[in-house]
Structure formats: structure tokens, C-alpha cells
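Q: Provided below: coords_13.txt, containing compact mmCIF, N, CA and C atoms and all ligand atoms.
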# COMPACT_ATOMS: atom_id res chain seq x y z
N MET A 393 0.84 -1.21 0.00
CA MET A 393 0.00 0.00 0.00
C MET A 393 0.87 1.25 0.00
N THR A 394 0.49 2.16 -0.86
CA THR A 394 1.17 3.45 -0.85
C THR A 394 0.15 4.54 -0.54
N ALA A 395 0.62 5.57 0.08
CA ALA A 395 -0.28 6.68 0.41
C ALA A 395 -0.75 7.37 -0.87
N ASP A 396 -1.94 7.87 -0.82
CA ASP A 396 -2.45 8.61 -1.97
C ASP A 396 -1.59 9.83 -2.25
N ALA A 397 -1.36 10.06 -3.52
CA ALA A 397 -0.75 11.32 -3.93
C ALA A 397 -1.88 12.27 -4.29
N TYR A 398 -1.66 13.53 -4.08
CA TYR A 398 -2.70 14.51 -4.34
C TYR A 398 -2.22 15.59 -5.29
N LEU A 399 -3.10 15.97 -6.20
CA LEU A 399 -2.90 17.21 -6.93
C LEU A 399 -3.36 18.32 -6.01
N VAL A 400 -2.59 19.37 -5.91
CA VAL A 400 -2.97 20.48 -5.04
C VAL A 400 -2.89 21.78 -5.81
N ILE A 401 -3.95 22.56 -5.73
CA ILE A 401 -3.95 23.90 -6.31
C ILE A 401 -4.21 24.89 -5.18
N ARG A 402 -3.31 25.82 -5.02
CA ARG A 402 -3.44 26.80 -3.93
C ARG A 402 -3.89 28.15 -4.46
N CYS A 403 -4.69 28.82 -3.65
CA CYS A 403 -5.06 30.18 -3.98
C CYS A 403 -3.83 31.06 -3.87
N GLU A 404 -3.57 31.86 -4.90
CA GLU A 404 -2.36 32.69 -4.91
C GLU A 404 -2.65 34.15 -4.60
N ALA A 405 -3.87 34.42 -4.14
CA ALA A 405 -4.20 35.79 -3.80
C ALA A 405 -3.56 36.18 -2.48
N THR A 406 -3.22 37.46 -2.37
CA THR A 406 -2.84 37.95 -1.06
C THR A 406 -4.12 38.24 -0.29
N ASP A 407 -4.10 38.01 0.98
CA ASP A 407 -5.31 38.14 1.78
C ASP A 407 -5.11 39.21 2.84
N ASP A 408 -5.87 40.28 2.71
CA ASP A 408 -5.73 41.35 3.70
C ASP A 408 -6.92 41.39 4.64
N THR A 409 -7.67 40.32 4.71
CA THR A 409 -8.83 40.28 5.60
C THR A 409 -8.46 39.79 6.99
N GLY A 410 -7.23 39.30 7.13
CA GLY A 410 -6.81 38.78 8.43
C GLY A 410 -7.09 37.30 8.60
N ASN A 411 -7.70 36.69 7.59
CA ASN A 411 -8.00 35.27 7.69
C ASN A 411 -6.85 34.40 7.22
N GLY A 412 -5.96 34.97 6.44
CA GLY A 412 -4.87 34.20 5.88
C GLY A 412 -3.68 34.14 6.82
N VAL A 413 -2.58 33.57 6.33
CA VAL A 413 -1.36 33.46 7.10
C VAL A 413 -0.29 34.30 6.42
N ASP A 414 0.33 35.21 7.18
CA ASP A 414 1.36 36.08 6.62
C ASP A 414 0.88 36.84 5.38
N GLY A 415 -0.39 37.20 5.39
CA GLY A 415 -0.92 38.00 4.30
C GLY A 415 -1.27 37.21 3.05
N ASP A 416 -1.12 35.90 3.10
CA ASP A 416 -1.49 35.09 1.95
C ASP A 416 -2.71 34.23 2.26
N CYS A 417 -3.56 34.08 1.28
CA CYS A 417 -4.70 33.20 1.42
C CYS A 417 -4.18 31.76 1.56
N VAL A 418 -4.80 30.99 2.40
CA VAL A 418 -4.32 29.62 2.61
C VAL A 418 -5.26 28.59 2.01
N ALA A 419 -6.25 29.04 1.27
CA ALA A 419 -7.19 28.10 0.66
C ALA A 419 -6.47 27.22 -0.35
N GLU A 420 -6.82 25.95 -0.37
CA GLU A 420 -6.27 25.08 -1.40
C GLU A 420 -7.30 24.02 -1.78
N ALA A 421 -7.20 23.60 -3.01
CA ALA A 421 -8.06 22.53 -3.51
C ALA A 421 -7.16 21.33 -3.77
N SER A 422 -7.51 20.19 -3.22
CA SER A 422 -6.69 19.00 -3.45
C SER A 422 -7.56 17.88 -4.01
N TRP A 423 -6.91 16.98 -4.68
CA TRP A 423 -7.64 15.93 -5.38
C TRP A 423 -6.77 14.67 -5.41
N PRO A 424 -7.31 13.52 -4.97
CA PRO A 424 -6.51 12.29 -5.01
C PRO A 424 -6.14 11.95 -6.44
N ILE A 425 -4.89 11.73 -6.69
CA ILE A 425 -4.39 11.59 -8.06
C ILE A 425 -4.87 10.29 -8.71
N ARG A 426 -5.35 9.34 -7.89
CA ARG A 426 -5.81 8.07 -8.48
C ARG A 426 -7.19 8.20 -9.12
N PHE A 427 -7.89 9.29 -8.82
CA PHE A 427 -9.16 9.54 -9.50
C PHE A 427 -8.94 10.53 -10.63
N GLU A 428 -9.76 10.44 -11.66
CA GLU A 428 -9.71 11.47 -12.69
C GLU A 428 -10.25 12.77 -12.09
N PRO A 429 -9.78 13.93 -12.46
CA PRO A 429 -8.72 14.13 -13.46
C PRO A 429 -7.33 13.86 -12.89
N HIS A 430 -6.38 13.59 -13.76
CA HIS A 430 -5.05 13.23 -13.32
C HIS A 430 -4.04 14.35 -13.52
N ASN A 431 -4.47 15.50 -13.94
CA ASN A 431 -3.50 16.59 -14.11
C ASN A 431 -4.12 17.92 -13.69
N HIS A 432 -3.26 18.90 -13.49
CA HIS A 432 -3.70 20.18 -12.96
C HIS A 432 -4.66 20.91 -13.90
N THR A 433 -4.43 20.77 -15.20
CA THR A 433 -5.30 21.47 -16.14
C THR A 433 -6.74 21.00 -16.01
N GLU A 434 -6.91 19.68 -15.95
CA GLU A 434 -8.26 19.13 -15.80
C GLU A 434 -8.82 19.44 -14.43
N LEU A 435 -7.99 19.41 -13.41
CA LEU A 435 -8.47 19.71 -12.06
C LEU A 435 -8.94 21.16 -11.97
N ARG A 436 -8.21 22.07 -12.62
CA ARG A 436 -8.62 23.47 -12.61
C ARG A 436 -10.02 23.63 -13.22
N ARG A 437 -10.27 22.88 -14.31
CA ARG A 437 -11.58 22.98 -14.94
C ARG A 437 -12.66 22.43 -13.99
N LEU A 438 -12.35 21.34 -13.32
CA LEU A 438 -13.31 20.72 -12.42
C LEU A 438 -13.66 21.64 -11.24
N ILE A 439 -12.64 22.21 -10.59
CA ILE A 439 -12.92 23.04 -9.42
C ILE A 439 -13.53 24.37 -9.83
N LYS A 440 -13.30 24.78 -11.08
CA LYS A 440 -13.96 25.99 -11.55
C LYS A 440 -15.46 25.74 -11.71
N GLU A 441 -15.79 24.59 -12.30
CA GLU A 441 -17.20 24.28 -12.55
C GLU A 441 -17.93 23.93 -11.25
N GLN A 442 -17.26 23.20 -10.36
CA GLN A 442 -17.97 22.64 -9.21
C GLN A 442 -17.75 23.40 -7.91
N ARG A 443 -16.65 24.14 -7.81
CA ARG A 443 -16.36 24.79 -6.54
C ARG A 443 -16.21 26.30 -6.64
N GLY A 444 -16.22 26.83 -7.85
CA GLY A 444 -16.16 28.28 -7.99
C GLY A 444 -14.76 28.87 -8.03
N TRP A 445 -13.73 28.00 -8.13
CA TRP A 445 -12.37 28.52 -8.28
C TRP A 445 -12.23 29.15 -9.66
N ASP A 446 -11.20 30.00 -9.81
CA ASP A 446 -10.98 30.62 -11.11
C ASP A 446 -9.49 30.88 -11.30
N ARG A 447 -9.14 31.10 -12.55
CA ARG A 447 -7.76 31.42 -12.90
C ARG A 447 -7.79 32.76 -13.60
N GLN A 448 -7.16 33.74 -13.00
CA GLN A 448 -7.23 35.09 -13.54
C GLN A 448 -5.85 35.70 -13.61
N ARG A 449 -5.76 36.73 -14.47
CA ARG A 449 -4.49 37.42 -14.60
C ARG A 449 -4.40 38.52 -13.55
N ARG A 450 -3.40 38.43 -12.70
CA ARG A 450 -3.15 39.46 -11.69
C ARG A 450 -1.68 39.87 -11.79
N ASP A 451 -1.46 41.17 -11.86
CA ASP A 451 -0.09 41.67 -11.96
C ASP A 451 0.66 41.02 -13.12
N GLY A 452 -0.04 40.78 -14.22
CA GLY A 452 0.61 40.27 -15.41
C GLY A 452 0.88 38.79 -15.44
N ARG A 453 0.39 38.05 -14.45
CA ARG A 453 0.57 36.59 -14.50
C ARG A 453 -0.71 35.89 -14.10
N LEU A 454 -0.85 34.66 -14.55
CA LEU A 454 -2.05 33.90 -14.23
C LEU A 454 -1.90 33.29 -12.85
N VAL A 455 -2.92 33.49 -12.03
CA VAL A 455 -2.89 32.92 -10.68
C VAL A 455 -4.18 32.15 -10.44
N ASP A 456 -4.10 31.15 -9.58
CA ASP A 456 -5.28 30.42 -9.16
C ASP A 456 -5.92 31.13 -7.99
N LEU A 457 -7.26 31.21 -8.03
CA LEU A 457 -7.96 31.93 -6.99
C LEU A 457 -9.10 31.09 -6.41
N CYS A 458 -9.20 31.08 -5.09
CA CYS A 458 -10.29 30.37 -4.44
C CYS A 458 -11.59 31.14 -4.71
N PRO A 459 -12.74 30.53 -4.46
CA PRO A 459 -14.02 31.18 -4.76
C PRO A 459 -14.13 32.57 -4.14
N GLU A 460 -13.61 32.70 -2.93
CA GLU A 460 -13.69 33.98 -2.23
C GLU A 460 -12.93 35.07 -2.98
N HIS A 461 -11.72 34.76 -3.42
CA HIS A 461 -10.90 35.76 -4.09
C HIS A 461 -11.23 35.90 -5.57
N ALA A 462 -11.78 34.85 -6.17
CA ALA A 462 -12.18 34.94 -7.58
C ALA A 462 -13.28 35.97 -7.76
N ALA A 463 -14.06 36.21 -6.70
CA ALA A 463 -15.17 37.14 -6.76
C ALA A 463 -14.74 38.58 -6.56
N VAL A 464 -13.48 38.78 -6.14
CA VAL A 464 -12.98 40.11 -5.87
C VAL A 464 -12.23 40.64 -7.09
N PRO A 465 -12.59 41.82 -7.56
CA PRO A 465 -11.88 42.38 -8.72
C PRO A 465 -10.41 42.62 -8.40
N ALA A 466 -9.56 42.49 -9.40
CA ALA A 466 -8.14 42.75 -9.20
C ALA A 466 -7.94 44.18 -8.73
N PRO A 467 -7.04 44.41 -7.77
CA PRO A 467 -6.80 45.75 -7.26
C PRO A 467 -6.21 46.67 -8.33
ZN ZN A 501 -8.13 32.86 -1.67
For this file, write the structure as C-alpha cells.
A:
Amino acid sequence: MTADAYLVIRCEATDDTGNGVDGDCVAEASWPIRFEPHNHTELRRLIKEQRGWDRQRRDGRLVDLCPEHAAVPAP
């Protein structure tokens, strides 16, 4: 038996609400790699459709955002 491996996508927003750690949001979406989808691209699509995550351009780069931060316009 081996432990499950997980795909993990973390919210990359900075969090100034005081809920995060060191000013960063700590939300993350994880998925056991033995179930489909098996890659980050597919997982991003799944959590966008089912959990409200999004991938947006902030400061000139694409970042993953949890549902809470996806709803907030870029500063
Ligand atoms: Zn977040």
C-alpha cells in the first residue's frame, strides 16, 4: 500500500482580511491523483465548474484563486 498522492492547487491571492497566514490566502483545492482528473489542467476545470475557483491574470501573470478571491476584482 502506498499513500495517496494529491494534486494540489493553492489560492495565490494575497489576503488582507486577516483570515490568511502572513498575508497570503491559505485556501487550497486538493484531489486524489488516483481519480480522474489526473492533471492540474483538468483539475482546474473541475474546481472551476464545481467549486467556484478561477484562474485570472493578476499583476501580469495567471494565478489560481479560491471562490472567495475569484469574486474580488483585481486591485
Ligand atoms: Zn483565496
Q: I'd like to know which of A:Cys403, A:Ile439, A:Ala395, A:Ile425 is closest to Val455 of chain A, using all atoms listed in the file.
A: A:Cys403
Q: Write out as an MDAnalysis selection string the set of residues from chain A that DSSP, computed on the backbone, places in strand (DSSP E).
A: chainID A and resid 398:402 420:424 446:450 453:457
Q: Could you save those same residues with N, CA and C atoms as a compact mmCIF listing (two decimals), in the coordinates of the input?
A:
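File produced: part_13.txt:
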# COMPACT_ATOMS: atom_id res chain seq x y z
N TYR A 398 -1.66 13.53 -4.08
CA TYR A 398 -2.70 14.51 -4.34
C TYR A 398 -2.22 15.59 -5.29
N LEU A 399 -3.10 15.97 -6.20
CA LEU A 399 -2.90 17.21 -6.93
C LEU A 399 -3.36 18.32 -6.01
N VAL A 400 -2.59 19.37 -5.91
CA VAL A 400 -2.97 20.48 -5.04
C VAL A 400 -2.89 21.78 -5.81
N ILE A 401 -3.95 22.56 -5.73
CA ILE A 401 -3.95 23.90 -6.31
C ILE A 401 -4.21 24.89 -5.18
N ARG A 402 -3.31 25.82 -5.02
CA ARG A 402 -3.44 26.80 -3.93
C ARG A 402 -3.89 28.15 -4.46
N GLU A 420 -6.82 25.95 -0.37
CA GLU A 420 -6.27 25.08 -1.40
C GLU A 420 -7.30 24.02 -1.78
N ALA A 421 -7.20 23.60 -3.01
CA ALA A 421 -8.06 22.53 -3.51
C ALA A 421 -7.16 21.33 -3.77
N SER A 422 -7.51 20.19 -3.22
CA SER A 422 -6.69 19.00 -3.45
C SER A 422 -7.56 17.88 -4.01
N TRP A 423 -6.91 16.98 -4.68
CA TRP A 423 -7.64 15.93 -5.38
C TRP A 423 -6.77 14.67 -5.41
N PRO A 424 -7.31 13.52 -4.97
CA PRO A 424 -6.51 12.29 -5.01
C PRO A 424 -6.14 11.95 -6.44
N ASP A 446 -11.20 30.00 -9.81
CA ASP A 446 -10.98 30.62 -11.11
C ASP A 446 -9.49 30.88 -11.30
N ARG A 447 -9.14 31.10 -12.55
CA ARG A 447 -7.76 31.42 -12.90
C ARG A 447 -7.79 32.76 -13.60
N GLN A 448 -7.16 33.74 -13.00
CA GLN A 448 -7.23 35.09 -13.54
C GLN A 448 -5.85 35.70 -13.61
N ARG A 449 -5.76 36.73 -14.47
CA ARG A 449 -4.49 37.42 -14.60
C ARG A 449 -4.40 38.52 -13.55
N ARG A 450 -3.40 38.43 -12.70
CA ARG A 450 -3.15 39.46 -11.69
C ARG A 450 -1.68 39.87 -11.79
N ARG A 453 0.39 38.05 -14.45
CA ARG A 453 0.57 36.59 -14.50
C ARG A 453 -0.71 35.89 -14.10
N LEU A 454 -0.85 34.66 -14.55
CA LEU A 454 -2.05 33.90 -14.23
C LEU A 454 -1.90 33.29 -12.85
N VAL A 455 -2.92 33.49 -12.03
CA VAL A 455 -2.89 32.92 -10.68
C VAL A 455 -4.18 32.15 -10.44
N ASP A 456 -4.10 31.15 -9.58
CA ASP A 456 -5.28 30.42 -9.16
C ASP A 456 -5.92 31.13 -7.99
N LEU A 457 -7.26 31.21 -8.03
CA LEU A 457 -7.96 31.93 -6.99
C LEU A 457 -9.10 31.09 -6.41
Q: Distance table requested - chain A against ligand ZN 501 (chain A), cut-off 6.5 Å, only N, CA and C atoms and all ligand atoms: one row per qualifying residue with the closest atom pair and its distance in Å to one decimal, ordered by chain and rising residue number, as JSON lines.
A:
{"residue": "A:Cys403", "atom": "CA", "partner": "A:ZN501", "partner_atom": "ZN", "distance": 4.7}
{"residue": "A:Glu404", "atom": "N", "partner": "A:ZN501", "partner_atom": "ZN", "distance": 5.7}
{"residue": "A:Ala405", "atom": "N", "partner": "A:ZN501", "partner_atom": "ZN", "distance": 5.2}
{"residue": "A:Cys417", "atom": "CA", "partner": "A:ZN501", "partner_atom": "ZN", "distance": 4.6}
{"residue": "A:Val418", "atom": "N", "partner": "A:ZN501", "partner_atom": "ZN", "distance": 5.6}
{"residue": "A:Ala419", "atom": "N", "partner": "A:ZN501", "partner_atom": "ZN", "distance": 5.2}
{"residue": "A:Leu457", "atom": "C", "partner": "A:ZN501", "partner_atom": "ZN", "distance": 5.2}
{"residue": "A:Cys458", "atom": "N", "partner": "A:ZN501", "partner_atom": "ZN", "distance": 4.0}
{"residue": "A:Pro459", "atom": "N", "partner": "A:ZN501", "partner_atom": "ZN", "distance": 5.9}
{"residue": "A:Glu460", "atom": "C", "partner": "A:ZN501", "partner_atom": "ZN", "distance": 5.4}
{"residue": "A:His461", "atom": "N", "partner": "A:ZN501", "partner_atom": "ZN", "distance": 4.4}
{"residue": "A:Ala462", "atom": "N", "partner": "A:ZN501", "partner_atom": "ZN", "distance": 6.1}
Q: What gap, in Å, lies between atom CA of Asp451 of chain A and atom CA of Ala463 of chain A?
A: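 Those two atoms sit 16.6 Å apart.
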Q: Suppose you want the space between atom C of Asn431 of chain A and atom C of Arg453 of chain A; what is it in Å?
A: 18.3 Å
Q: Quick one: everything within 10 Å of segment 433-435 of chain A, counting only C-alpha atoms, minus sequence neighbours fewer than 5 positions away in the same chain. Send it as a VMD selection string.
A: chain A and resid 399 to 401 421 to 423 425 428 440 to 441
Q: Name the residues of segment 423-466 of chain A that fall into alpha helix (DSSP H) according to DSSP on the backbone, using the chain letters and numbers of this document, as a list in words.
A: His432, Thr433, Glu434, Leu435, Arg436, Arg437, Leu438, Ile439, Lys440, Glu441, Gln442, Arg443, Pro459, Glu460, His461 and Ala462 of chain A
Q: Would you work out the distance separating atom CA of Arg450 of chain A from atom CA of Ala397 of chain A, expressed in Å to one decimal?
A: 29.3 Å
